[in-house]
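Heads up, protein-v7.csv below (CSV, C-alpha atoms):
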```
chain,number,residue,atom,x,y,z
A,2,MET,CA,8.9,-7.8,-12.7
A,3,ASP,CA,11.0,-10.9,-12.5
A,4,ASN,CA,11.4,-13.4,-9.7
A,5,ALA,CA,14.9,-12.1,-8.9
A,6,GLU,CA,13.5,-8.7,-8.1
A,7,LEU,CA,10.7,-10.2,-6.0
A,8,ALA,CA,13.2,-12.3,-4.2
A,9,ALA,CA,15.3,-9.2,-3.4
A,10,THR,CA,12.2,-7.5,-1.8
A,11,PRO,CA,12.9,-7.2,1.9
A,12,SER,CA,10.9,-9.7,4.0
A,13,LEU,CA,8.3,-10.3,1.3
A,14,PRO,CA,6.0,-13.2,2.5
A,15,PHE,CA,5.4,-15.7,-0.2
A,16,ASP,CA,4.9,-19.4,-0.8
A,17,GLU,CA,5.2,-21.5,-4.0
A,18,ASP,CA,2.3,-19.6,-5.6
A,19,GLY,CA,3.8,-16.2,-5.0
A,20,PRO,CA,3.2,-13.3,-2.5
A,21,LEU,CA,0.9,-13.9,0.4
A,22,PHE,CA,-1.9,-11.5,1.4
A,23,ALA,CA,-4.4,-11.7,4.3
A,24,GLU,CA,-6.6,-8.8,3.0
A,25,PRO,CA,-7.5,-7.4,-0.4
A,26,TRP,CA,-5.9,-4.0,0.5
A,27,GLN,CA,-2.6,-5.7,0.9
A,28,ALA,CA,-2.7,-7.1,-2.6
A,29,GLN,CA,-3.8,-3.7,-3.9
A,30,ALA,CA,-0.8,-2.0,-2.2
A,31,PHE,CA,1.5,-4.6,-3.6
A,32,ALA,CA,0.0,-4.1,-7.1
A,33,MET,CA,0.3,-0.3,-6.9
A,34,ALA,CA,4.0,-0.6,-6.1
A,35,VAL,CA,4.6,-3.1,-8.9
A,36,ARG,CA,2.6,-1.0,-11.4
A,37,LEU,CA,4.4,2.3,-10.6
A,38,SER,CA,7.7,0.6,-10.9
A,39,ALA,CA,6.7,-1.1,-14.2
A,40,GLU,CA,5.7,2.3,-15.5
A,41,GLY,CA,9.1,3.7,-14.7
A,42,HIS,CA,8.3,6.0,-11.8
A,43,PHE,CA,11.0,4.3,-9.7
A,44,THR,CA,13.2,1.2,-10.0
A,45,TRP,CA,12.5,-1.9,-7.9
A,46,PRO,CA,15.9,-1.6,-6.1
A,47,GLU,CA,14.9,2.0,-5.2
A,48,TRP,CA,11.5,0.6,-3.9
A,49,ALA,CA,13.4,-2.0,-1.9
A,50,GLN,CA,15.5,0.7,-0.2
A,51,TYR,CA,12.3,2.6,0.9
A,52,LEU,CA,10.7,-0.6,2.2
A,53,SER,CA,13.9,-1.5,4.0
A,54,ALA,CA,14.1,1.9,5.7
A,55,GLU,CA,10.4,1.6,6.8
A,56,ILE,CA,11.0,-1.9,8.2
A,57,ALA,CA,14.1,-0.7,10.0
A,58,ALA,CA,12.2,2.2,11.5
A,59,ALA,CA,9.3,0.1,12.6
A,60,LYS,CA,8.2,0.0,16.2
A,61,SER,CA,9.0,-3.4,17.8
A,62,GLY,CA,5.7,-3.5,19.7
A,63,GLU,CA,3.3,-3.0,16.7
A,64,ALA,CA,0.0,-4.8,17.2
A,65,GLY,CA,-1.4,-7.1,14.5
A,66,ASN,CA,-0.4,-10.1,12.6
A,67,SER,CA,2.8,-10.2,10.7
A,68,LEU,CA,1.2,-9.8,7.3
A,69,ASP,CA,-0.8,-6.8,8.5
A,70,ILE,CA,2.3,-5.2,10.0
A,71,TYR,CA,4.4,-5.9,6.9
A,72,TYR,CA,1.9,-4.5,4.5
A,73,ARG,CA,1.3,-1.4,6.7
A,74,GLN,CA,5.1,-0.9,6.4
A,75,TRP,CA,4.8,-1.5,2.6
A,76,LEU,CA,2.0,1.1,2.4
A,77,ALA,CA,4.0,3.7,4.4
A,78,ALA,CA,7.1,3.1,2.2
A,79,LEU,CA,4.9,3.5,-1.0
A,80,GLU,CA,3.4,6.7,0.3
A,81,ASN,CA,6.9,8.1,1.1
A,82,LEU,CA,8.2,7.1,-2.3
A,83,VAL,CA,5.2,8.5,-4.1
A,84,ALA,CA,5.6,11.8,-2.3
A,85,ASP,CA,9.4,12.0,-2.8
A,86,LYS,CA,8.9,11.4,-6.5
A,87,GLY,CA,6.3,14.1,-6.7
A,88,LEU,CA,3.6,11.7,-8.0
A,89,ALA,CA,1.2,12.9,-5.3
A,90,SER,CA,1.6,15.2,-2.3
A,91,PRO,CA,1.0,14.0,1.3
A,92,SER,CA,-2.1,16.3,1.4
A,93,GLU,CA,-3.4,14.8,-1.9
A,94,MET,CA,-3.0,11.3,-0.5
A,95,ALA,CA,-4.6,12.3,2.8
A,96,GLY,CA,-7.5,13.8,0.9
A,97,ARG,CA,-8.0,10.6,-1.1
A,98,LYS,CA,-7.9,8.5,2.0
A,99,GLU,CA,-10.6,10.7,3.5
A,100,ASP,CA,-12.7,10.4,0.4
A,101,TRP,CA,-12.6,6.6,0.7
A,102,ARG,CA,-13.3,6.7,4.4
A,103,ARG,CA,-16.4,8.7,3.8
A,104,ALA,CA,-17.5,6.4,1.0
A,105,TYR,CA,-17.1,3.5,3.3
A,106,LEU,CA,-19.2,5.1,6.0
A,107,ASN,CA,-21.9,6.1,3.5
A,108,THR,CA,-22.2,2.7,1.8
A,109,PRO,CA,-24.8,0.3,3.0
A,110,HIS,CA,-23.5,-3.0,4.4
A,111,GLY,CA,-23.0,-5.6,1.7
A,112,GLU,CA,-22.8,-3.2,-1.2
A,113,ALA,CA,-19.6,-2.4,-3.1
A,114,ILE,CA,-17.9,0.8,-1.9
A,115,GLU,CA,-17.7,3.5,-4.6
A,116,LEU,CA,-15.9,6.7,-4.3
A,117,GLY,CA,-19.0,8.6,-5.4
A,118,ALA,CA,-20.6,7.6,-2.1
A,119,ALA,CA,-18.2,9.8,-0.2
A,120,SER,CA,-20.6,12.7,-0.2
A,121,SER,CA,-23.9,11.0,-0.7
A,122,LYS,CA,-25.0,11.4,3.0
A,123,GLY,CA,-23.0,14.5,3.8
A,124,GLU,CA,-20.7,12.7,6.3
```
Here is a file; write its structure as structure tokens.
Amino acid sequence: MDNAELAATPSLPFDEDGPLFAEPWQAQAFAMAVRLSAEGHFTWPEWAQYLSAEIAAAKSGEAGNSLDIYYRQWLAALENLVADKGLASPSEMAGRKEDWRRAYLNTPHGEAIELGAASSKGE
């Protein structure tokens, strides 16, 4: 991905070092979109259209800091595009989110979360 494509990304927060992230999940969502585009699943302009639509549809009273709100919109746009392209269905994505939620709940504090922990305690 070149700088011109990044510059054309709606509302992308960045500084002289590149995109800004407040949480690791934000960088991961960003990386997933970049990777799927690089692999040819969709073009970056196509991605920008989905993100623009998500930003336009956003509720004005959303709570959270601006990076959090932006990357939640980013994630929603990515989920919509992935579903529309048939890369994963909404139910598959919901199932994977649930797997990670269970893994989080079943992982002792301070340890790395692993997807295998999703069923370790029967949560």
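When the distance limit is 8 Å and all atoms listed in the file are what count, the residues near range 80-86 of chain A, minus those fewer than 3 positions from it on the same chain, are His42, Trp48, Tyr51, Leu76, Ala77, Ala89, Ser90, Pro91 and Met94 of chain A.
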From A:Gly117, A:Gln29, A:Arg97, A:Asp18, residue lying nearest Tyr72 in chain A [only C-alpha atoms]: A:Gln29
Around (2.6, -8.6, -0.8), as given in the file, which residues come within 7 Å? Count only C-alpha atoms and list them as a VMD selection string. chain A and resid 13 to 14 20 to 22 27 to 28 31 72
Pick out the closest residue to Val35 in chain A from this set: A:Thr108, A:Lys98, A:Thr10, A:Ser53. Count all atoms listed in the file. A:Thr10
Using all atoms listed in the file, which residue out of A:Leu79, A:Ala104, A:Ile56, A:Ile114 lies closest to Ala30 in chain A? A:Leu79
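Between Tyr71 in chain A and the candidates A:Leu88, A:Gly19, A:Asn107, A:Glu55, the tightest atom-to-atom separation, counting all atoms listed in the file, involves A:Glu55.
Coordinates place CA of Glu115 in chain A at a distance of 9.9 Å from CA of Asp100 in chain A.
Reported to one decimal place, the separation of CA of Gly87 in chain A from CA of Arg73 in chain A is 21.1 Å.
Note that CA of Gly96 in chain A and CA of Gln74 in chain A are 20.1 Å apart.
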